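Okay, structure first, notes after.
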Amino acid sequence: MKISAAIITFNEEANMARCLESLEGVADEIVVMDSGSTDATQAICASFGVKFFQQAWQGYSKQKNDANALCTHEMVLSIDADEALTPELRAAILRLKSSEKYGVYSLNRLTNYCGTWIYHSGWYPDIKIRLFPKSAYWQGDIHEELMLPTNLKPELLPGHLSHYSYTSHKQHRERADRYSRLTAKKYVELGKKPFVFQPMLSAFTRFVKMYFIKLGFLDGIAGFHIARISAQSNYFKYREVKRLYDQRESN
């Protein structure tokens, strides 16, 4: 069985080499769909001999689907530039290749947050379908979902997909707020309106859930910052919904 690895990128010079190194010997080809990187991403990809393509950003699902369409093998391994296969996961995929066992496979993602591996906070286990037939496709604008061609039950592979997520709290907050803006826009399109105390209540419940119920406190200071920033971003999301409605009414 041959596998095509598909990666979407934008200014990933800090992560690219680590990701590509982990795929060596596992992926029979690597397809990168870039959205206009201005750093060394393309040069790093060239040094690994990947198939590199560029197009303007089309949204997560469209960008991933376009990358998948360029793959030439029937099985696709979808991986982000800030992720890498652990040795145990590499071995599991290699065994799968030798068995010629086509199907749908999930990987358990383990996140590194500012230098700390996170085993709680609602971030772990983080099981994602990442190895699948090429006929599958991504759908959704914000949190894309993989649509499978059949009712095949995903099989979880041993090992971890290491996710090097954030190197600073500022980076975490900026990305969280970006997702919050997209979600707020979606809420307005669907006609969802927040009630008066929803921004504050949502932030409070998010913090309690992540830090206490999901045992974020066991992740140390990192768990506190994850819960704090998630709560702040939730507050921002509902304030953004209100702002968009106010803007619509004033026009």
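All residue names refer to the structure tokens as shown: chains lettered A, B, ... in order, residues numbered from 1 in each chain, ligands numbered from 1 in order.
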(request) Please provide the set of residues having any atom within 6 Å of segment 130-140 of chain A, restricted to only C-alpha atoms, with same-chain residues fewer than 3 positions apart removed, written as a list in words. (result) Ser61, Glu74, Met75, Val76, Leu77, Ser78, Val104, Tyr105, Ser106, Glu144, Glu145, Leu146, Met147, Leu148 and Pro149 of chain A
I need the chosen residues saved as a PDB file, in the first residue's frame, with N, CA, C and O atoms.
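This went into part.pdb:
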ATOM      1  N   SER A  61     -11.189  23.739   4.503  1.00  0.00           N
ATOM      2  CA  SER A  61     -11.675  22.558   3.785  1.00  0.00           C
ATOM      3  C   SER A  61     -11.262  22.571   2.318  1.00  0.00           C
ATOM      4  O   SER A  61     -10.759  21.579   1.789  1.00  0.00           O
ATOM      5  N   GLU A  74      -3.880   6.079  -3.394  1.00  0.00           N
ATOM      6  CA  GLU A  74      -5.261   5.887  -2.935  1.00  0.00           C
ATOM      7  C   GLU A  74      -5.461   6.156  -1.453  1.00  0.00           C
ATOM      8  O   GLU A  74      -6.587   6.353  -1.006  1.00  0.00           O
ATOM      9  N   MET A  75      -4.390   6.136  -0.658  1.00  0.00           N
ATOM     10  CA  MET A  75      -4.503   6.445   0.765  1.00  0.00           C
ATOM     11  C   MET A  75      -3.807   7.775   1.043  1.00  0.00           C
ATOM     12  O   MET A  75      -2.680   8.012   0.579  1.00  0.00           O
ATOM     13  N   VAL A  76      -4.493   8.645   1.796  1.00  0.00           N
ATOM     14  CA  VAL A  76      -3.969   9.973   2.097  1.00  0.00           C
ATOM     15  C   VAL A  76      -3.746  10.106   3.600  1.00  0.00           C
ATOM     16  O   VAL A  76      -4.629   9.776   4.403  1.00  0.00           O
ATOM     17  N   LEU A  77      -2.570  10.589   3.960  1.00  0.00           N
ATOM     18  CA  LEU A  77      -2.256  10.923   5.348  1.00  0.00           C
ATOM     19  C   LEU A  77      -2.284  12.439   5.457  1.00  0.00           C
ATOM     20  O   LEU A  77      -1.431  13.125   4.907  1.00  0.00           O
ATOM     21  N   SER A  78      -3.311  12.949   6.137  1.00  0.00           N
ATOM     22  CA  SER A  78      -3.447  14.402   6.292  1.00  0.00           C
ATOM     23  C   SER A  78      -2.737  14.822   7.577  1.00  0.00           C
ATOM     24  O   SER A  78      -3.045  14.336   8.664  1.00  0.00           O
ATOM     25  N   VAL A 104      -9.926   3.264   7.197  1.00  0.00           N
ATOM     26  CA  VAL A 104      -9.918   4.595   7.798  1.00  0.00           C
ATOM     27  C   VAL A 104      -9.249   4.478   9.166  1.00  0.00           C
ATOM     28  O   VAL A 104      -9.622   3.620   9.970  1.00  0.00           O
ATOM     29  N   TYR A 105      -8.283   5.353   9.425  1.00  0.00           N
ATOM     30  CA  TYR A 105      -7.492   5.228  10.647  1.00  0.00           C
ATOM     31  C   TYR A 105      -7.411   6.555  11.400  1.00  0.00           C
ATOM     32  O   TYR A 105      -7.257   7.623  10.805  1.00  0.00           O
ATOM     33  N   SER A 106      -7.529   6.444  12.727  1.00  0.00           N
ATOM     34  CA  SER A 106      -7.444   7.605  13.606  1.00  0.00           C
ATOM     35  C   SER A 106      -6.081   7.656  14.275  1.00  0.00           C
ATOM     36  O   SER A 106      -5.463   6.614  14.535  1.00  0.00           O
ATOM     37  N   GLU A 144     -13.135  21.998  10.303  1.00  0.00           N
ATOM     38  CA  GLU A 144     -13.460  21.125   9.174  1.00  0.00           C
ATOM     39  C   GLU A 144     -13.662  19.685   9.635  1.00  0.00           C
ATOM     40  O   GLU A 144     -13.011  19.214  10.572  1.00  0.00           O
ATOM     41  N   GLU A 145     -14.566  18.999   8.965  1.00  0.00           N
ATOM     42  CA  GLU A 145     -14.895  17.612   9.285  1.00  0.00           C
ATOM     43  C   GLU A 145     -14.664  16.743   8.058  1.00  0.00           C
ATOM     44  O   GLU A 145     -14.987  17.136   6.939  1.00  0.00           O
ATOM     45  N   LEU A 146     -14.111  15.568   8.276  1.00  0.00           N
ATOM     46  CA  LEU A 146     -13.839  14.659   7.175  1.00  0.00           C
ATOM     47  C   LEU A 146     -15.075  13.827   6.864  1.00  0.00           C
ATOM     48  O   LEU A 146     -15.621  13.159   7.746  1.00  0.00           O
ATOM     49  N   MET A 147     -15.524  13.885   5.627  1.00  0.00           N
ATOM     50  CA  MET A 147     -16.678  13.119   5.183  1.00  0.00           C
ATOM     51  C   MET A 147     -16.176  11.854   4.496  1.00  0.00           C
ATOM     52  O   MET A 147     -15.478  11.926   3.479  1.00  0.00           O
ATOM     53  N   LEU A 148     -16.530  10.711   5.054  1.00  0.00           N
ATOM     54  CA  LEU A 148     -16.030   9.436   4.547  1.00  0.00           C
ATOM     55  C   LEU A 148     -16.959   8.864   3.481  1.00  0.00           C
ATOM     56  O   LEU A 148     -18.174   9.054   3.545  1.00  0.00           O
ATOM     57  N   PRO A 149     -16.413   8.141   2.516  1.00  0.00           N
ATOM     58  CA  PRO A 149     -17.226   7.608   1.416  1.00  0.00           C
ATOM     59  C   PRO A 149     -18.124   6.444   1.820  1.00  0.00           C
ATOM     60  O   PRO A 149     -19.088   6.142   1.161  1.00  0.00           O
TER      61      PRO A 149
END
(request) Once DSSP has gone over the backbone, tell me which residues of segment 17-189 of chain A are in helix (DSSP H, G or I), as a PyMOL selection string. (result) chain A and resi 17-23+41-47+60-69+87-99+169-189
Writing out the chosen residues with C-alpha atoms as a short mmCIF file (atom, residue, chain, number, x, y, z; two decimals), in the first residue's frame:
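Final output, saved to out31.cif:
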data_model
loop_
_atom_site.label_atom_id
_atom_site.label_comp_id
_atom_site.auth_asym_id
_atom_site.auth_seq_id
_atom_site.Cartn_x
_atom_site.Cartn_y
_atom_site.Cartn_z
CA ALA A 17 11.59 20.28 8.63
CA ARG A 18 10.46 18.41 11.76
CA CYS A 19 7.20 17.41 10.09
CA LEU A 20 8.85 16.28 6.84
CA GLU A 21 11.58 14.34 8.64
CA SER A 22 8.92 12.35 10.51
CA LEU A 23 7.32 11.36 7.19
CA THR A 41 8.78 27.21 3.86
CA GLN A 42 9.17 26.62 0.12
CA ALA A 43 12.95 26.27 0.33
CA ILE A 44 12.67 23.70 3.13
CA CYS A 45 10.09 21.75 1.13
CA ALA A 46 12.36 21.81 -1.91
CA SER A 47 15.21 20.35 0.15
CA TYR A 60 -9.45 25.12 5.49
CA SER A 61 -11.68 22.56 3.79
CA LYS A 62 -11.12 23.80 0.23
CA GLN A 63 -7.38 24.08 0.76
CA LYS A 64 -7.17 20.53 2.12
CA ASN A 65 -9.41 19.10 -0.59
CA ASP A 66 -7.29 20.72 -3.28
CA ALA A 67 -4.16 19.21 -1.73
CA ASN A 68 -5.81 15.77 -1.57
CA ALA A 69 -6.84 16.02 -5.22
CA PRO A 87 8.47 6.57 16.27
CA GLU A 88 5.67 4.32 17.57
CA LEU A 89 3.15 5.83 15.18
CA ARG A 90 5.62 5.59 12.28
CA ALA A 91 6.07 1.87 13.02
CA ALA A 92 2.29 1.35 13.15
CA ILE A 93 1.80 2.99 9.75
CA LEU A 94 4.66 0.99 8.24
CA ARG A 95 3.05 -2.25 9.49
CA LEU A 96 -0.20 -1.11 7.95
CA LYS A 97 1.49 -0.45 4.61
CA SER A 98 3.03 -3.91 4.50
CA SER A 99 -0.33 -5.53 5.32
CA HIS A 169 0.49 32.77 25.19
CA LYS A 170 0.21 35.71 22.78
CA GLN A 171 0.20 33.32 19.81
CA HIS A 172 -2.48 31.19 21.50
CA ARG A 173 -4.71 34.21 22.16
CA GLU A 174 -4.36 35.54 18.61
CA ARG A 175 -5.30 32.21 17.04
CA ALA A 176 -8.15 31.62 19.49
CA ASP A 177 -9.55 35.06 18.74
CA ARG A 178 -9.28 34.39 15.00
CA TYR A 179 -11.43 31.29 15.39
CA SER A 180 -13.80 33.25 17.63
CA ARG A 181 -14.28 35.86 14.91
CA LEU A 182 -15.09 33.17 12.35
CA THR A 183 -17.51 31.49 14.76
CA ALA A 184 -19.18 34.80 15.62
CA LYS A 185 -19.71 35.51 11.93
CA LYS A 186 -21.26 32.06 11.52
CA TYR A 187 -23.58 32.64 14.48
CA VAL A 188 -24.84 35.87 12.94
CA GLU A 189 -25.41 34.16 9.59
#
(request) From the DSSP assignment of the backbone, select every residue of segment 10-216 of chain A that is strand (DSSP E or B), and format the answer as a VMD selection string. (result) chain A and resid 29 to 34 51 to 54 75 to 78 83 to 85 105 to 113 116 to 118 126 to 133 137 to 139 145 to 147 155 to 166
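Every protein, DNA or RNA residue with an atom at most 10 Å from Trp117 of chain A, where only C-alpha atoms count and chain neighbours fewer than 3 positions away do not, is listed here: Leu110, Thr111, Asn112, Tyr113, Cys114, His120, Tyr124, Ser162, His163, Tyr164, Asp219 and Ala222 of chain A.
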Just to be explicit: take each residue in the selection above, keep C-alpha atoms, and write the result as a PDB file, in the first residue's frame.
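File produced: again02.pdb:
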ATOM      1  CA  LEU A 110      -0.651  14.941  21.876  1.00  0.00           C
ATOM      2  CA  THR A 111      -0.138  18.688  22.122  1.00  0.00           C
ATOM      3  CA  ASN A 112       2.962  20.542  23.234  1.00  0.00           C
ATOM      4  CA  TYR A 113       1.941  23.915  24.667  1.00  0.00           C
ATOM      5  CA  CYS A 114       4.774  26.396  25.207  1.00  0.00           C
ATOM      6  CA  HIS A 120      -5.635  17.010  30.411  1.00  0.00           C
ATOM      7  CA  TYR A 124      -6.096  14.883  25.458  1.00  0.00           C
ATOM      8  CA  SER A 162       2.937  15.177  18.221  1.00  0.00           C
ATOM      9  CA  HIS A 163       1.354  18.607  17.888  1.00  0.00           C
ATOM     10  CA  TYR A 164       3.636  21.587  18.509  1.00  0.00           C
ATOM     11  CA  ASP A 219      -1.109  20.307  33.613  1.00  0.00           C
ATOM     12  CA  ALA A 222       0.207  25.590  31.334  1.00  0.00           C
TER      13      ALA A 222
END
(request) Measure the distance from atom CA of Ala6 of chain A to atom CA of Trp123 of chain A in Å and round it to one decimal. (result) 23.6 Å
(message) Please report the interatomic distance between atom CA of Ile79 of chain A and atom CA of Ser233 of chain A in Å with one decimal.
(response)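 Rounded to one decimal, the two atoms are 25.8 Å apart.
If you measure from each of A:Gly25, A:Pro158, A:Gly216, A:Gly191 to Lys242 of chain A using only C-alpha atoms, the closest one turns out to be A:Gly191.
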(request) Would you mind telling me which residue in A:Val26, A:Ala227, A:Leu244, A:Ile7 lies nearest to Tyr211 of chain A when using only C-alpha atoms? (result)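 Comparing A:Val26, A:Ala227, A:Leu244, A:Ile7 against Tyr211 of chain A, the winner is A:Ala227.
Compared by their closest atoms to Asp80 of chain A, and using only C-alpha atoms, the residues A:Glu100, A:Glu12, A:Asp28, A:Asp126 rank with A:Glu12 nearest.
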(request) Find, counting only C-alpha atoms, the residue in A:Phe224, A:Phe207, A:Trp57, A:Phe52 that gets nearest to Glu29 of chain A. (result) A:Phe52
